[in-house]
Structure formats: structure tokens, C-alpha cells
Amino acid sequence: GVQTCALPICENAVKIGGVEEEVRAAATRFTRPFNALGLPAISLPCGFSSAGLPIGLQIVCAAQQEDLLLHIAAATEDALGLMDRTPPL
């Protein structure tokens with residue numbers, strides 16, 4: 001599938017890769033498989049689109065590896081300086 005940044009709150013449908021789809025389906029496309037499989041996942045804010053919309057980075061680990069997932073997420077935040085990023089004006 002095609003990735004996208006955050007979707008506008010007021011929209012019911014969005015066009016991604018030339019195909020229109022329902023916003024809820026588009027927004028959860030990359031989380032549903034991990035939820036269904038019971039795999040730990042986390043999303044980190046990692047930047048902003050040219051329109052100022054947030055872009056996230058999703059990290060997934062094997063089952064029962066929540067501790068590793070949190071360590072990876074914290075190290076990623078530190079290495080990329082994610083806590084200091086703010087949207088463009």
C-alpha cells in the first residue's frame with residue numbers, strides 16, 4: 001500500500017495513489033495486521049509534511065518483546081531528536 005501522512009479530520013474519503021478510499025480504512029491500514037496478530041507496535045512522530053501534517057514512524061517487534069520495542073523507540077527518539085520537532089508555521 002501507499003503510505004500517507006496524517007489525514008484531515010473533516011474528510012470522509014481520501015485519494016491515495018490515484019485510488020479513493022474511506023479515511024478510516026486508509027488511516028488504519030498499517031496497524032490492523034499487527035493488532036490482529038497481537039504484535040507490539042508503537043508509532044513515533046518523526047516529522048511533518050510540507051502542509052504541516054504529522055508524519056509517523058511505526059516500529060513493530062515480535063510477540064512478547066514489549067521491553068525491546070520500548071528500548072528501540074526511546075533510542076530512536078534520542079538519535080533523531082524527535083522530542084524537539086515542531087510543525088512548520
# chains A, B, ... in the order shown; residues from 1 in each chain; ligands from 1

$ residues_around --residues "stretch 20-34 of chain A" --least-positions-apart "6" --cutoff "8 Å" --atoms "only C-alpha atoms" --output "list in words"
Ala6, Leu7, Glu11, Asn12, Ala13, Val14, Pro40, Ala41 and Val60 of chain A

$ select_by_dssp --residues "chain A" --states "strand (DSSP E or B)" --output "PyMOL selection string"
chain A and resi 13-16+19-22+41-48+54-60

$ select_by_dssp --residues "chain A" --states "alpha helix (DSSP H)" --output "JSON, numbers by chain"
{"A": [23, 24, 25, 26, 27, 28, 32, 33, 34, 35, 36, 37, 66, 67, 68, 69, 70, 71, 72, 73, 74, 75, 76, 77, 78, 79, 80]}

$ atom_distance --atom1 "atom CA of A:Ile42" --atom2 "atom CA of A:Asp84"
18.7 Å

$ closest_residue --among "A:Pro87, A:Gly81, A:Gly56, A:Gly18" --to "A:Ser43" --atoms "only C-alpha atoms"
A:Gly56

$ residues_around --residues "A:Glu77" --least-positions-apart "4" --cutoff "9 Å" --atoms "only C-alpha atoms" --output "ChimeraX atom specification"
/A:44-46,72-73,81-83

$ write_last_selection --atoms "all heavy atoms" --output "compact mmCIF listing (two decimals), in the first residue's frame"
# COMPACT_ATOMS: atom_id res chain seq x y z
N LEU A 44 5.93 6.69 16.41
CA LEU A 44 6.63 7.87 16.89
C LEU A 44 6.43 9.02 15.91
O LEU A 44 6.52 8.82 14.70
CB LEU A 44 8.14 7.60 16.97
CG LEU A 44 8.60 6.45 17.83
CD1 LEU A 44 10.09 6.26 17.69
CD2 LEU A 44 8.23 6.69 19.28
N PRO A 45 6.16 10.22 16.41
CA PRO A 45 6.10 11.36 15.50
C PRO A 45 7.53 11.65 15.02
O PRO A 45 8.46 11.70 15.82
CB PRO A 45 5.56 12.50 16.38
CG PRO A 45 5.90 12.09 17.77
CD PRO A 45 5.92 10.58 17.79
N CYS A 46 7.72 11.75 13.70
CA CYS A 46 9.10 11.92 13.23
C CYS A 46 9.27 13.08 12.26
O CYS A 46 10.34 13.25 11.71
CB CYS A 46 9.62 10.63 12.62
SG CYS A 46 8.77 10.10 11.15
N ILE A 72 13.93 0.33 21.77
CA ILE A 72 14.17 0.79 20.40
C ILE A 72 13.52 2.14 20.16
O ILE A 72 14.13 3.04 19.57
CB ILE A 72 13.66 -0.25 19.38
CG1 ILE A 72 14.51 -1.52 19.44
CG2 ILE A 72 13.64 0.32 17.97
CD1 ILE A 72 13.94 -2.68 18.66
N ALA A 73 12.29 2.31 20.62
CA ALA A 73 11.57 3.58 20.44
C ALA A 73 12.30 4.72 21.14
O ALA A 73 12.48 5.80 20.57
CB ALA A 73 10.14 3.46 20.95
N GLY A 81 16.38 13.08 17.61
CA GLY A 81 15.95 14.34 18.22
C GLY A 81 14.47 14.62 18.02
O GLY A 81 14.06 15.75 17.81
N LEU A 82 13.66 13.58 18.10
CA LEU A 82 12.23 13.71 17.79
C LEU A 82 11.47 14.57 18.78
O LEU A 82 10.46 15.17 18.43
CB LEU A 82 11.57 12.33 17.69
CG LEU A 82 12.14 11.41 16.62
CD1 LEU A 82 11.40 10.07 16.63
CD2 LEU A 82 12.06 12.05 15.25
N MET A 83 11.89 14.63 20.01
CA MET A 83 11.15 15.37 21.03
C MET A 83 11.20 16.88 20.79
O MET A 83 10.36 17.62 21.31
CB MET A 83 11.69 15.05 22.43
CG MET A 83 11.53 13.58 22.81
SD MET A 83 9.83 12.98 22.72
CE MET A 83 9.11 13.89 24.06

$ decode --residues "stretch 8-29 of chain A" --atoms "N, CA, C and O atoms" --output "CSV table (one decimal), in the first residue's frame"
chain,number,residue,atom,x,y,z
A,8,PRO,N,-6.8,14.8,7.0
A,8,PRO,CA,-7.6,15.9,7.5
A,8,PRO,C,-8.8,15.3,8.3
A,8,PRO,O,-9.4,14.3,7.9
A,9,ILE,N,-9.1,15.9,9.5
A,9,ILE,CA,-10.1,15.4,10.3
A,9,ILE,C,-11.5,15.5,9.6
A,9,ILE,O,-12.3,14.6,9.8
A,10,CYS,N,-11.8,16.5,8.8
A,10,CYS,CA,-13.1,16.7,8.3
A,10,CYS,C,-13.4,15.8,7.0
A,10,CYS,O,-14.5,15.8,6.5
A,11,GLU,N,-12.4,15.1,6.6
A,11,GLU,CA,-12.6,14.3,5.3
A,11,GLU,C,-13.2,12.9,5.6
A,11,GLU,O,-12.8,12.3,6.6
A,12,ASN,N,-14.0,12.4,4.7
A,12,ASN,CA,-14.6,11.1,4.8
A,12,ASN,C,-13.9,10.1,3.9
A,12,ASN,O,-13.9,8.9,4.1
A,13,ALA,N,-13.4,10.6,2.8
A,13,ALA,CA,-12.7,9.8,1.8
A,13,ALA,C,-11.4,10.6,1.4
A,13,ALA,O,-11.3,11.8,1.6
A,14,VAL,N,-10.4,9.8,1.0
A,14,VAL,CA,-9.1,10.3,0.6
A,14,VAL,C,-8.6,9.6,-0.6
A,14,VAL,O,-8.9,8.4,-0.8
A,15,LYS,N,-7.9,10.3,-1.5
A,15,LYS,CA,-7.4,9.7,-2.7
A,15,LYS,C,-5.9,9.4,-2.4
A,15,LYS,O,-5.1,10.4,-2.2
A,16,ILE,N,-5.5,8.1,-2.5
A,16,ILE,CA,-4.1,7.7,-2.3
A,16,ILE,C,-3.7,6.9,-3.5
A,16,ILE,O,-4.3,5.9,-3.8
A,17,GLY,N,-2.6,7.3,-4.1
A,17,GLY,CA,-2.1,6.6,-5.3
A,17,GLY,C,-3.1,6.5,-6.4
A,17,GLY,O,-3.2,5.6,-7.1
A,18,GLY,N,-4.0,7.6,-6.5
A,18,GLY,CA,-5.0,7.6,-7.5
A,18,GLY,C,-6.3,6.9,-7.2
A,18,GLY,O,-7.2,6.8,-8.0
A,19,VAL,N,-6.3,6.2,-6.0
A,19,VAL,CA,-7.5,5.4,-5.7
A,19,VAL,C,-8.2,6.1,-4.5
A,19,VAL,O,-7.5,6.4,-3.5
A,20,GLU,N,-9.5,6.3,-4.6
A,20,GLU,CA,-10.2,6.9,-3.4
A,20,GLU,C,-10.6,5.8,-2.5
A,20,GLU,O,-11.1,4.7,-2.9
A,21,GLU,N,-10.4,6.0,-1.2
A,21,GLU,CA,-10.8,5.1,-0.2
A,21,GLU,C,-11.3,5.8,1.1
A,21,GLU,O,-11.0,7.0,1.3
A,22,GLU,N,-12.0,5.1,1.9
A,22,GLU,CA,-12.6,5.6,3.1
A,22,GLU,C,-11.4,5.9,4.1
A,22,GLU,O,-10.5,5.2,4.2
A,23,VAL,N,-11.5,7.1,4.7
A,23,VAL,CA,-10.4,7.6,5.6
A,23,VAL,C,-10.1,6.6,6.7
A,23,VAL,O,-8.9,6.4,7.0
A,24,ARG,N,-11.1,6.0,7.3
A,24,ARG,CA,-10.8,5.1,8.4
A,24,ARG,C,-10.0,3.9,8.0
A,24,ARG,O,-9.0,3.5,8.6
A,25,ALA,N,-10.3,3.4,6.8
A,25,ALA,CA,-9.5,2.2,6.3
A,25,ALA,C,-8.1,2.7,5.9
A,25,ALA,O,-7.1,1.9,6.2
A,26,ALA,N,-7.9,3.8,5.3
A,26,ALA,CA,-6.6,4.3,5.0
A,26,ALA,C,-5.8,4.6,6.2
A,26,ALA,O,-4.6,4.3,6.3
A,27,ALA,N,-6.4,5.2,7.3
A,27,ALA,CA,-5.7,5.5,8.5
A,27,ALA,C,-5.2,4.3,9.3
A,27,ALA,O,-4.3,4.4,10.1
A,28,THR,N,-5.9,3.2,9.2
A,28,THR,CA,-5.6,2.0,10.0
A,28,THR,C,-4.9,0.9,9.2
A,28,THR,O,-4.7,-0.2,9.7
A,29,ARG,N,-4.6,1.1,7.9
A,29,ARG,CA,-4.1,0.1,7.1
A,29,ARG,C,-2.9,-0.6,7.7
A,29,ARG,O,-2.7,-1.8,7.6
